[in-house]
>>> print(open('model23.pdb').read())   # PDB, C-alpha atoms, pLDDT in the B column
ATOM      1  CA  MET X   1      74.880  55.183  76.447  1.00 90.00           C
ATOM      2  CA  ASP X   2      77.957  53.410  75.107  1.00 96.00           C
ATOM      3  CA  LEU X   3      80.549  51.449  77.073  1.00 97.00           C
ATOM      4  CA  GLN X   4      84.105  52.367  76.105  1.00 98.00           C
ATOM      5  CA  CYS X   5      87.161  50.289  76.985  1.00 98.00           C
ATOM      6  CA  ARG X   6      90.538  51.832  76.247  1.00 97.00           C
ATOM      7  CA  ASP X   7      93.678  49.719  76.658  1.00 98.00           C
ATOM      8  CA  ILE X   8      92.306  47.877  79.710  1.00 97.00           C
ATOM      9  CA  LYS X   9      94.839  45.645  81.486  1.00 96.00           C
ATOM     10  CA  ARG X  10      94.846  43.443  84.570  1.00 96.00           C
ATOM     11  CA  GLN X  11      97.803  41.334  85.687  1.00 92.00           C
ATOM     12  CA  LEU X  12      96.533  38.119  87.281  1.00 86.00           C
ATOM     13  CA  SER X  13      99.808  36.233  87.578  1.00 85.00           C
ATOM     14  CA  GLU X  14     103.311  36.145  86.151  1.00 81.00           C
ATOM     15  CA  ARG X  15     101.961  33.996  83.319  1.00 82.00           C
ATOM     16  CA  PHE X  16      98.608  35.632  82.571  1.00 87.00           C
ATOM     17  CA  CYS X  17      97.733  39.235  81.814  1.00 92.00           C
ATOM     18  CA  LEU X  18      94.358  40.417  80.572  1.00 96.00           C
ATOM     19  CA  GLY X  19      94.673  42.892  77.739  1.00 95.00           C
ATOM     20  CA  PRO X  20      95.323  45.467  76.637  1.00 96.00           C
ATOM     21  CA  LEU X  21      91.662  45.481  75.541  1.00 98.00           C
ATOM     22  CA  THR X  22      90.026  48.230  73.497  1.00 98.00           C
ATOM     23  CA  HIS X  23      86.449  48.268  72.224  1.00 98.00           C
ATOM     24  CA  ARG X  24      83.312  50.404  72.091  1.00 97.00           C
ATOM     25  CA  PHE X  25      80.101  48.590  73.020  1.00 98.00           C
ATOM     26  CA  VAL X  26      77.281  50.607  71.510  1.00 96.00           C
ATOM     27  CA  GLN X  27      73.797  51.155  72.893  1.00 95.00           C
ATOM     28  CA  GLY X  28      71.067  48.931  71.526  1.00 95.00           C
ATOM     29  CA  SER X  29      73.441  46.009  70.961  1.00 96.00           C
ATOM     30  CA  THR X  30      74.059  42.579  72.440  1.00 98.00           C
ATOM     31  CA  THR X  31      77.723  41.578  72.303  1.00 98.00           C
ATOM     32  CA  ALA X  32      78.847  37.995  72.903  1.00 98.00           C
ATOM     33  CA  ILE X  33      82.360  37.537  74.273  1.00 98.00           C
ATOM     34  CA  LEU X  34      83.298  33.952  73.497  1.00 98.00           C
ATOM     35  CA  GLY X  35      86.289  31.806  74.318  1.00 97.00           C
ATOM     36  CA  HIS X  36      87.585  28.719  76.073  1.00 96.00           C
ATOM     37  CA  ASN X  37      87.581  28.468  79.863  1.00 95.00           C
ATOM     38  CA  GLY X  38      90.394  30.609  81.269  1.00 94.00           C
ATOM     39  CA  ALA X  39      90.483  32.989  78.306  1.00 96.00           C
ATOM     40  CA  GLY X  40      89.684  36.002  80.515  1.00 96.00           C
ATOM     41  CA  LYS X  41      85.950  36.549  79.961  1.00 97.00           C
ATOM     42  CA  SER X  42      84.909  36.511  83.626  1.00 97.00           C
ATOM     43  CA  THR X  43      87.921  38.631  84.591  1.00 96.00           C
ATOM     44  CA  PHE X  44      86.837  41.252  82.073  1.00 98.00           C
ATOM     45  CA  PHE X  45      83.250  41.179  83.325  1.00 98.00           C
ATOM     46  CA  ARG X  46      84.440  41.763  86.898  1.00 97.00           C
ATOM     47  CA  LEU X  47      86.326  44.836  85.704  1.00 97.00           C
ATOM     48  CA  VAL X  48      83.294  46.195  83.854  1.00 97.00           C
ATOM     49  CA  SER X  49      81.073  45.551  86.884  1.00 97.00           C
ATOM     50  CA  GLY X  50      83.414  47.591  89.086  1.00 95.00           C
ATOM     51  CA  LEU X  51      84.180  44.662  91.399  1.00 95.00           C
ATOM     52  CA  ASP X  52      87.856  44.572  90.419  1.00 96.00           C
ATOM     53  CA  GLU X  53      90.206  47.373  89.382  1.00 95.00           C
ATOM     54  CA  ALA X  54      92.209  47.420  86.168  1.00 95.00           C
ATOM     55  CA  CYS X  55      95.936  48.092  86.462  1.00 94.00           C
ATOM     56  CA  GLY X  56      95.939  50.118  83.256  1.00 95.00           C
ATOM     57  CA  GLY X  57      93.662  51.822  80.763  1.00 97.00           C
ATOM     58  CA  GLU X  58      90.246  53.380  81.214  1.00 96.00           C
ATOM     59  CA  MET X  59      86.593  52.308  81.093  1.00 97.00           C
ATOM     60  CA  LEU X  60      83.718  54.746  80.591  1.00 97.00           C
ATOM     61  CA  TRP X  61      79.956  54.257  80.772  1.00 96.00           C
ATOM     62  CA  GLY X  62      78.823  57.332  78.891  1.00 94.00           C
ATOM     63  CA  ASN X  63      81.028  59.982  80.485  1.00 92.00           C
ATOM     64  CA  GLU X  64      81.229  58.175  83.834  1.00 94.00           C
ATOM     65  CA  ARG X  65      84.500  56.489  84.748  1.00 95.00           C
ATOM     66  CA  ILE X  66      84.170  52.889  85.985  1.00 96.00           C
ATOM     67  CA  HIS X  67      86.086  51.977  89.146  1.00 92.00           C
ATOM     68  CA  GLN X  68      85.605  50.102  92.398  1.00 91.00           C
ATOM     69  CA  LYS X  69      84.480  53.138  94.409  1.00 91.00           C
ATOM     70  CA  ASN X  70      81.875  54.339  91.909  1.00 92.00           C
ATOM     71  CA  HIS X  71      78.828  53.079  93.817  1.00 90.00           C
ATOM     72  CA  HIS X  72      76.380  55.114  91.726  1.00 89.00           C
ATOM     73  CA  TYR X  73      77.532  53.207  88.635  1.00 93.00           C
ATOM     74  CA  LYS X  74      77.332  49.837  90.408  1.00 92.00           C
ATOM     75  CA  ARG X  75      73.720  50.461  91.420  1.00 89.00           C
ATOM     76  CA  SER X  76      72.786  51.398  87.856  1.00 91.00           C
ATOM     77  CA  ILE X  77      73.968  48.236  86.071  1.00 96.00           C
ATOM     78  CA  GLY X  78      72.972  44.562  86.140  1.00 96.00           C
ATOM     79  CA  TYR X  79      75.539  41.789  86.626  1.00 97.00           C
ATOM     80  CA  LEU X  80      75.070  38.021  86.647  1.00 98.00           C
ATOM     81  CA  ALA X  81      78.298  36.465  87.929  1.00 97.00           C
ATOM     82  CA  GLN X  82      79.651  32.994  87.242  1.00 94.00           C
ATOM     83  CA  PRO X  83      80.004  31.264  89.657  1.00 93.00           C
ATOM     84  CA  LEU X  84      76.958  32.615  91.465  1.00 94.00           C
ATOM     85  CA  GLU X  85      77.653  35.026  94.317  1.00 90.00           C
ATOM     86  CA  MET X  86      74.788  35.327  96.807  1.00 93.00           C
ATOM     87  CA  PRO X  87      74.078  34.694 100.521  1.00 95.00           C
ATOM     88  CA  LEU X  88      72.472  31.277 100.907  1.00 95.00           C
ATOM     89  CA  TRP X  89      70.979  31.758 104.388  1.00 96.00           C
ATOM     90  CA  VAL X  90      68.230  34.113 103.151  1.00 97.00           C
ATOM     91  CA  SER X  91      65.197  33.381 101.009  1.00 97.00           C
ATOM     92  CA  GLY X  92      65.125  34.315  97.347  1.00 97.00           C
ATOM     93  CA  GLY X  93      62.234  36.684  97.941  1.00 96.00           C
ATOM     94  CA  ASP X  94      63.986  38.533 100.778  1.00 97.00           C
ATOM     95  CA  LEU X  95      67.198  38.873  98.753  1.00 97.00           C
ATOM     96  CA  LEU X  96      65.360  40.264  95.737  1.00 96.00           C
ATOM     97  CA  SER X  97      63.384  42.712  97.880  1.00 94.00           C
ATOM     98  CA  TYR X  98      66.612  43.941  99.488  1.00 93.00           C
ATOM     99  CA  VAL X  99      68.409  44.432  96.156  1.00 93.00           C
ATOM    100  CA  SER X 100      65.314  46.071  94.689  1.00 92.00           C
ATOM    101  CA  ALA X 101      65.375  48.626  97.506  1.00 90.00           C
ATOM    102  CA  LEU X 102      69.053  49.335  96.860  1.00 87.00           C
ATOM    103  CA  LYS X 103      68.355  49.941  93.171  1.00 84.00           C
ATOM    104  CA  LYS X 104      65.772  52.609  94.133  1.00 73.00           C
ATOM    105  CA  ASN X 105      64.108  52.552  90.697  1.00 72.00           C
ATOM    106  CA  THR X 106      62.326  49.185  90.810  1.00 78.00           C
ATOM    107  CA  ASP X 107      58.719  49.129  91.954  1.00 81.00           C
ATOM    108  CA  LYS X 108      56.973  46.092  93.422  1.00 87.00           C
ATOM    109  CA  ALA X 109      55.061  45.411  90.211  1.00 90.00           C
ATOM    110  CA  ASP X 110      58.289  45.154  88.170  1.00 92.00           C
ATOM    111  CA  LEU X 111      59.830  42.820  90.746  1.00 94.00           C
ATOM    112  CA  ALA X 112      56.721  40.624  90.817  1.00 95.00           C
ATOM    113  CA  SER X 113      56.632  40.495  87.015  1.00 95.00           C
ATOM    114  CA  LEU X 114      60.246  39.326  86.772  1.00 96.00           C
ATOM    115  CA  MET X 115      59.746  36.739  89.514  1.00 97.00           C
ATOM    116  CA  ASP X 116      56.744  35.346  87.656  1.00 97.00           C
ATOM    117  CA  LEU X 117      58.577  35.360  84.312  1.00 97.00           C
ATOM    118  CA  PHE X 118      61.425  33.227  85.681  1.00 97.00           C
ATOM    119  CA  GLY X 119      59.340  30.999  87.945  1.00 97.00           C
ATOM    120  CA  VAL X 120      60.660  32.352  91.241  1.00 97.00           C
ATOM    121  CA  THR X 121      57.393  33.433  92.906  1.00 96.00           C
ATOM    122  CA  GLU X 122      56.370  29.958  94.041  1.00 94.00           C
ATOM    123  CA  TYR X 123      59.683  29.462  95.878  1.00 94.00           C
ATOM    124  CA  GLN X 124      60.291  33.002  97.140  1.00 96.00           C
ATOM    125  CA  HIS X 125      60.037  32.052 100.848  1.00 97.00           C
ATOM    126  CA  LYS X 126      62.452  29.141 100.564  1.00 96.00           C
ATOM    127  CA  ALA X 127      66.034  29.579 101.824  1.00 97.00           C
ATOM    128  CA  LEU X 128      68.496  29.639  98.953  1.00 97.00           C
ATOM    129  CA  ALA X 129      70.616  26.996 100.699  1.00 97.00           C
ATOM    130  CA  SER X 130      67.814  24.479 100.168  1.00 97.00           C
ATOM    131  CA  CYS X 131      67.147  25.504  96.540  1.00 96.00           C
ATOM    132  CA  SER X 132      68.496  23.757  93.464  1.00 96.00           C
ATOM    133  CA  TYR X 133      71.241  25.359  91.390  1.00 96.00           C
ATOM    134  CA  GLY X 134      68.699  26.141  88.694  1.00 96.00           C
ATOM    135  CA  MET X 135      66.470  28.032  91.126  1.00 97.00           C
ATOM    136  CA  ARG X 136      69.422  29.985  92.510  1.00 97.00           C
ATOM    137  CA  LYS X 137      70.402  30.861  88.957  1.00 97.00           C
ATOM    138  CA  ARG X 138      66.925  32.206  88.231  1.00 98.00           C
ATOM    139  CA  VAL X 139      66.994  34.311  91.395  1.00 98.00           C
ATOM    140  CA  ALA X 140      70.400  35.700  90.384  1.00 98.00           C
ATOM    141  CA  LEU X 141      69.114  36.417  86.888  1.00 98.00           C
ATOM    142  CA  VAL X 142      66.102  38.319  88.224  1.00 97.00           C
ATOM    143  CA  MET X 143      68.454  40.221  90.535  1.00 96.00           C
ATOM    144  CA  SER X 144      70.591  41.322  87.560  1.00 97.00           C
ATOM    145  CA  LEU X 145      67.500  42.599  85.734  1.00 97.00           C
ATOM    146  CA  LEU X 146      66.123  44.719  88.576  1.00 95.00           C
ATOM    147  CA  GLY X 147      65.861  48.392  87.726  1.00 92.00           C
ATOM    148  CA  ASP X 148      65.899  47.713  83.971  1.00 93.00           C
ATOM    149  CA  PRO X 149      69.645  48.467  83.772  1.00 95.00           C
ATOM    150  CA  GLY X 150      71.065  50.332  80.793  1.00 95.00           C
ATOM    151  CA  LEU X 151      74.105  48.023  80.943  1.00 97.00           C
ATOM    152  CA  LEU X 152      73.583  44.302  81.592  1.00 98.00           C
ATOM    153  CA  ILE X 153      76.453  41.827  82.012  1.00 98.00           C
ATOM    154  CA  LEU X 154      75.572  38.126  81.821  1.00 98.00           C
ATOM    155  CA  ASP X 155      78.323  35.590  82.509  1.00 98.00           C
ATOM    156  CA  GLU X 156      77.121  32.164  81.305  1.00 98.00           C
ATOM    157  CA  PRO X 157      73.410  32.979  81.752  1.00 98.00           C
ATOM    158  CA  LEU X 158      72.107  29.695  80.272  1.00 97.00           C
ATOM    159  CA  SER X 159      73.721  27.270  82.710  1.00 95.00           C
ATOM    160  CA  GLY X 160      71.020  25.832  84.950  1.00 95.00           C
ATOM    161  CA  LEU X 161      68.092  27.210  82.925  1.00 97.00           C
ATOM    162  CA  ASP X 162      65.452  25.009  81.336  1.00 96.00           C
ATOM    163  CA  ILE X 163      64.021  25.663  77.878  1.00 96.00           C
ATOM    164  CA  THR X 164      61.112  27.736  79.233  1.00 96.00           C
ATOM    165  CA  HIS X 165      63.329  30.195  81.072  1.00 97.00           C
ATOM    166  CA  ILE X 166      65.837  30.369  78.212  1.00 97.00           C
ATOM    167  CA  GLY X 167      62.864  31.560  76.174  1.00 97.00           C
ATOM    168  CA  SER X 168      62.110  34.161  78.856  1.00 97.00           C
ATOM    169  CA  LEU X 169      65.691  35.401  78.665  1.00 98.00           C
ATOM    170  CA  ARG X 170      65.505  35.650  74.869  1.00 97.00           C
ATOM    171  CA  HIS X 171      62.383  37.788  75.258  1.00 96.00           C
ATOM    172  CA  ILE X 172      64.201  40.112  77.672  1.00 97.00           C
ATOM    173  CA  LEU X 173      67.215  40.464  75.367  1.00 97.00           C
ATOM    174  CA  GLN X 174      65.037  41.356  72.382  1.00 96.00           C
ATOM    175  CA  LYS X 175      63.228  44.008  74.415  1.00 96.00           C
ATOM    176  CA  ARG X 176      66.548  45.468  75.526  1.00 97.00           C
ATOM    177  CA  LYS X 177      67.707  45.875  71.927  1.00 96.00           C
ATOM    178  CA  GLN X 178      64.471  47.648  71.055  1.00 96.00           C
ATOM    179  CA  ARG X 179      64.930  50.040  73.988  1.00 95.00           C
ATOM    180  CA  GLY X 180      68.502  50.884  72.989  1.00 96.00           C
ATOM    181  CA  GLN X 181      70.127  49.155  75.971  1.00 97.00           C
ATOM    182  CA  CYS X 182      73.562  47.528  76.038  1.00 98.00           C
ATOM    183  CA  THR X 183      74.116  43.852  76.905  1.00 98.00           C
ATOM    184  CA  LEU X 184      77.350  41.863  77.241  1.00 98.00           C
ATOM    185  CA  LEU X 185      77.236  38.087  77.595  1.00 98.00           C
ATOM    186  CA  SER X 186      79.337  34.956  77.489  1.00 98.00           C
ATOM    187  CA  THR X 187      78.085  31.485  76.668  1.00 97.00           C
ATOM    188  CA  HIS X 188      79.281  28.080  75.514  1.00 95.00           C
ATOM    189  CA  ILE X 189      75.965  27.519  73.719  1.00 96.00           C
ATOM    190  CA  LEU X 190      77.061  28.780  70.323  1.00 94.00           C
ATOM    191  CA  SER X 191      73.582  28.612  68.776  1.00 95.00           C
ATOM    192  CA  PHE X 192      72.417  31.117  71.414  1.00 97.00           C
ATOM    193  CA  ALA X 193      75.256  33.488  70.503  1.00 97.00           C
ATOM    194  CA  CYS X 194      74.377  33.207  66.809  1.00 96.00           C
ATOM    195  CA  GLU X 195      70.726  34.017  67.478  1.00 96.00           C
ATOM    196  CA  GLU X 196      71.105  36.826  70.016  1.00 97.00           C
ATOM    197  CA  ALA X 197      74.410  38.631  69.406  1.00 97.00           C
ATOM    198  CA  CYS X 198      74.732  41.692  67.196  1.00 96.00           C
ATOM    199  CA  HIS X 199      78.522  41.602  67.646  1.00 97.00           C
ATOM    200  CA  VAL X 200      81.009  38.905  68.664  1.00 98.00           C
ATOM    201  CA  LEU X 201      84.435  39.181  70.268  1.00 98.00           C
ATOM    202  CA  LEU X 202      86.573  36.029  70.289  1.00 98.00           C
ATOM    203  CA  MET X 203      88.834  35.912  73.352  1.00 98.00           C
ATOM    204  CA  ASN X 204      91.997  33.878  73.723  1.00 96.00           C
ATOM    205  CA  SER X 205      94.727  34.165  76.377  1.00 94.00           C
ATOM    206  CA  GLY X 206      93.553  37.543  77.627  1.00 96.00           C
ATOM    207  CA  THR X 207      93.103  39.309  74.292  1.00 97.00           C
ATOM    208  CA  TRP X 208      90.206  39.510  71.867  1.00 97.00           C
ATOM    209  CA  GLN X 209      89.431  39.995  68.209  1.00 97.00           C
ATOM    210  CA  GLU X 210      86.143  41.253  66.822  1.00 97.00           C
ATOM    211  CA  VAL X 211      84.419  39.164  64.157  1.00 97.00           C
ATOM    212  CA  LYS X 212      83.958  41.770  61.441  1.00 95.00           C
ATOM    213  CA  GLY X 213      80.660  41.715  59.568  1.00 95.00           C
ATOM    214  CA  TRP X 214      79.014  39.294  62.039  1.00 96.00           C
ATOM    215  CA  GLY X 215      75.583  40.873  61.789  1.00 91.00           C
ATOM    216  CA  SER X 216      75.458  40.552  57.996  1.00 94.00           C
ATOM    217  CA  TRP X 217      76.416  36.863  57.889  1.00 95.00           C
ATOM    218  CA  ASP X 218      73.992  33.997  57.509  1.00 95.00           C
ATOM    219  CA  ARG X 219      73.641  31.428  60.294  1.00 95.00           C
ATOM    220  CA  LYS X 220      75.899  28.809  58.654  1.00 95.00           C
ATOM    221  CA  GLN X 221      78.768  31.267  58.211  1.00 96.00           C
ATOM    222  CA  GLN X 222      78.462  32.320  61.841  1.00 97.00           C
ATOM    223  CA  GLU X 223      78.423  28.734  63.125  1.00 95.00           C
ATOM    224  CA  ASP X 224      81.338  27.687  60.895  1.00 96.00           C
ATOM    225  CA  THR X 225      83.436  30.615  62.126  1.00 96.00           C
ATOM    226  CA  LEU X 226      82.805  29.780  65.782  1.00 96.00           C
ATOM    227  CA  LYS X 227      83.419  26.069  65.230  1.00 95.00           C
ATOM    228  CA  THR X 228      86.774  26.836  63.571  1.00 95.00           C
ATOM    229  CA  PHE X 229      87.771  29.088  66.466  1.00 96.00           C
ATOM    230  CA  PHE X 230      86.879  26.597  69.191  1.00 95.00           C
ATOM    231  CA  ASP X 231      88.436  23.655  67.342  1.00 94.00           C
ATOM    232  CA  SER X 232      91.747  25.456  66.824  1.00 84.00           C
TER     233      SER X 232
END
>>> encode(input="model23.pdb", output="structure tokens")
Amino acid sequence: MDLQCRDIKRQLSERFCLGPLTHRFVQGSTTAILGHNGAGKSTFFRLVSGLDEACGGEMLWGNERIHQKNHHYKRSIGYLAQPLEMPLWVSGGDLLSYVSALKKNTDKADLASLMDLFGVTEYQHKALASCSYGMRKRVALVMSLLGDPGLLILDEPLSGLDITHIGSLRHILQKRKQRGQCTLLSTHILSFACEEACHVLLMNSGTWQEVKGWGSWDRKQQEDTLKTFFDS
């Protein structure tokens, strides 16, 4: 399915308004939404996840309208928030088992496979409060991938990951493209965006502009374009 955003707006303060934002995120694509801190990336992701409500416009996942009370939609997607949002008094294993049960379409073998892939199994009985940030990030990443969601939203997924688990994430993203699934991500690691993104939206002060022809450019042209944007 495609994700459609039509004139989405959210007023955050007298000085800052997100949008209006319009774009169609097509199935089988990974789209990087890039910009400086405070540009509105995380605010947009919260709207797409259904956690916050837009004050104008419409968002559709297929033919399903996205809003805060659409719990069926929320259970069907994956969302990695930044900063991390999780209870710290439980163990990583218990949290993942609970979320897996809520998803209803994740079996124990899939959960175990993801935990192994991101190095969580060994620490699954340890309370999250006593885990490092990197371990918490891996638990949150596994949580976002449970149920093999058709729509995956990753807000700064690389922070806290070592090179091994960045490789694991790359593997997941490639598989998602092959299966025709939709992924949205933000990152400040521009080389990662160049390697993984089919499309790029550059966000500044609550609005965005698509980089036309991104997928047909060579690596140097992509990197030069992003460098110019972030240096401006």
>>> resolve_selection(input="model23.pdb", expression="the PyMOL selection byres ((chain X and resi 134-148) around 7)", output="list of chain:residue names")
X:Gly78, X:Tyr79, X:Leu80, X:Gly92, X:Leu96, X:Ser100, X:Lys103, X:Asn105, X:Thr106, X:Leu111, X:Leu114, X:Met115, X:Phe118, X:Val120, X:Leu128, X:Cys131, X:Ser132, X:Tyr133, X:Pro149, X:Gly150, X:Gly160, X:Leu161
>>> resolve_selection(input="model23.pdb", expression="the PyMOL selection byres ((chain X and resi 8) around 6)", output="ChimeraX atom specification")
/X:6-7,9,19-21,56-57
>>> resolve_selection(input="model23.pdb", expression="the PyMOL selection byres ((chain X and resi 185) around 6)", output="number ranges by chain")
X: 32, 153-155, 184, 186
>>> write_last_selection(input="model23.pdb", atoms="C-alpha atoms", output="mmCIF file, in the coordinates of the input")
data_model
loop_
_atom_site.group_PDB
_atom_site.id
_atom_site.type_symbol
_atom_site.label_atom_id
_atom_site.label_comp_id
_atom_site.auth_asym_id
_atom_site.auth_seq_id
_atom_site.Cartn_x
_atom_site.Cartn_y
_atom_site.Cartn_z
ATOM 1 C CA ALA X 32 78.847 37.995 72.903
ATOM 2 C CA ILE X 153 76.453 41.827 82.012
ATOM 3 C CA LEU X 154 75.572 38.126 81.821
ATOM 4 C CA ASP X 155 78.323 35.590 82.509
ATOM 5 C CA LEU X 184 77.350 41.863 77.241
ATOM 6 C CA SER X 186 79.337 34.956 77.489
#
>>> closest_residue(input="model23.pdb", among="X:His71, X:Ala129, X:Lys108, X:Asp2", to="X:Met86", atoms="all atoms listed in the file")
X:Ala129
>>> residues_around(input="model23.pdb", residues="X:Ser232", least_positions_apart="4", cutoff="12 Å", atoms="only C-alpha atoms", output="ChimeraX atom specification")
/X:35-36,204,225-228
>>> residues_around(input="model23.pdb", residues="stretch 188-196 of chain X", least_positions_apart="3", cutoff="7 Å", atoms="all atoms listed in the file", output="list in words")
Thr30, Ala32, Arg219 and Gln222 of chain X
>>> residues_near_point(input="model23.pdb", point="(77.3, 53.8, 72.2)", cutoff="6 Å", atoms="only C-alpha atoms", output="PDB file with C-alpha atoms, keeping the file's coordinate frame")
ATOM      1  CA  MET X   1      74.880  55.183  76.447  1.00 90.00           C
ATOM      2  CA  ASP X   2      77.957  53.410  75.107  1.00 96.00           C
ATOM      3  CA  PHE X  25      80.101  48.590  73.020  1.00 98.00           C
ATOM      4  CA  VAL X  26      77.281  50.607  71.510  1.00 96.00           C
ATOM      5  CA  GLN X  27      73.797  51.155  72.893  1.00 95.00           C
TER       6      GLN X  27
END
>>> atom_distance(input="model23.pdb", atom1="atom CA of X:Lys74", atom2="atom CA of X:Thr187")
22.9 Å
>>> closest_residue(input="model23.pdb", among="X:Ser42, X:Gln178, X:Gln82, X:Thr31", to="X:Leu201", atoms="only C-alpha atoms")
X:Thr31
>>> atom_distance(input="model23.pdb", atom1="atom CA of X:Leu3", atom2="atom CA of X:Trp61")
4.7 Å
>>> atom_distance(input="model23.pdb", atom1="atom CA of X:Glu156", atom2="atom CA of X:Gln174")
17.6 Å
>>> closest_residue(input="model23.pdb", among="X:Leu117, X:Met203, X:Leu151, X:Cys5", to="X:Glu58", atoms="all atoms listed in the file")
X:Cys5
>>> closest_residue(input="model23.pdb", among="X:Ser97, X:Leu47, X:Gly28, X:Ser13", to="X:Leu173", atoms="only C-alpha atoms")
X:Gly28
>>> closest_residue(input="model23.pdb", among="X:His125, X:Arg75, X:Arg24, X:His165", to="X:Val99", atoms="only C-alpha atoms")
X:Arg75
>>> residues_around(input="model23.pdb", residues="X:Leu12", least_positions_apart="4", cutoff="12 Å", atoms="all atoms listed in the file", output="list in words")
Phe16, Cys17, Leu18, Gly19, Gly38, Ala39, Gly40, Thr43, Phe44, Asp52, Glu53, Ala54, Cys55, Ser205 and Gly206 of chain X
>>> closest_residue(input="model23.pdb", among="X:Leu95, X:Ala109, X:Val211, X:Leu152", to="X:Gln124", atoms="all atoms listed in the file")
X:Leu95
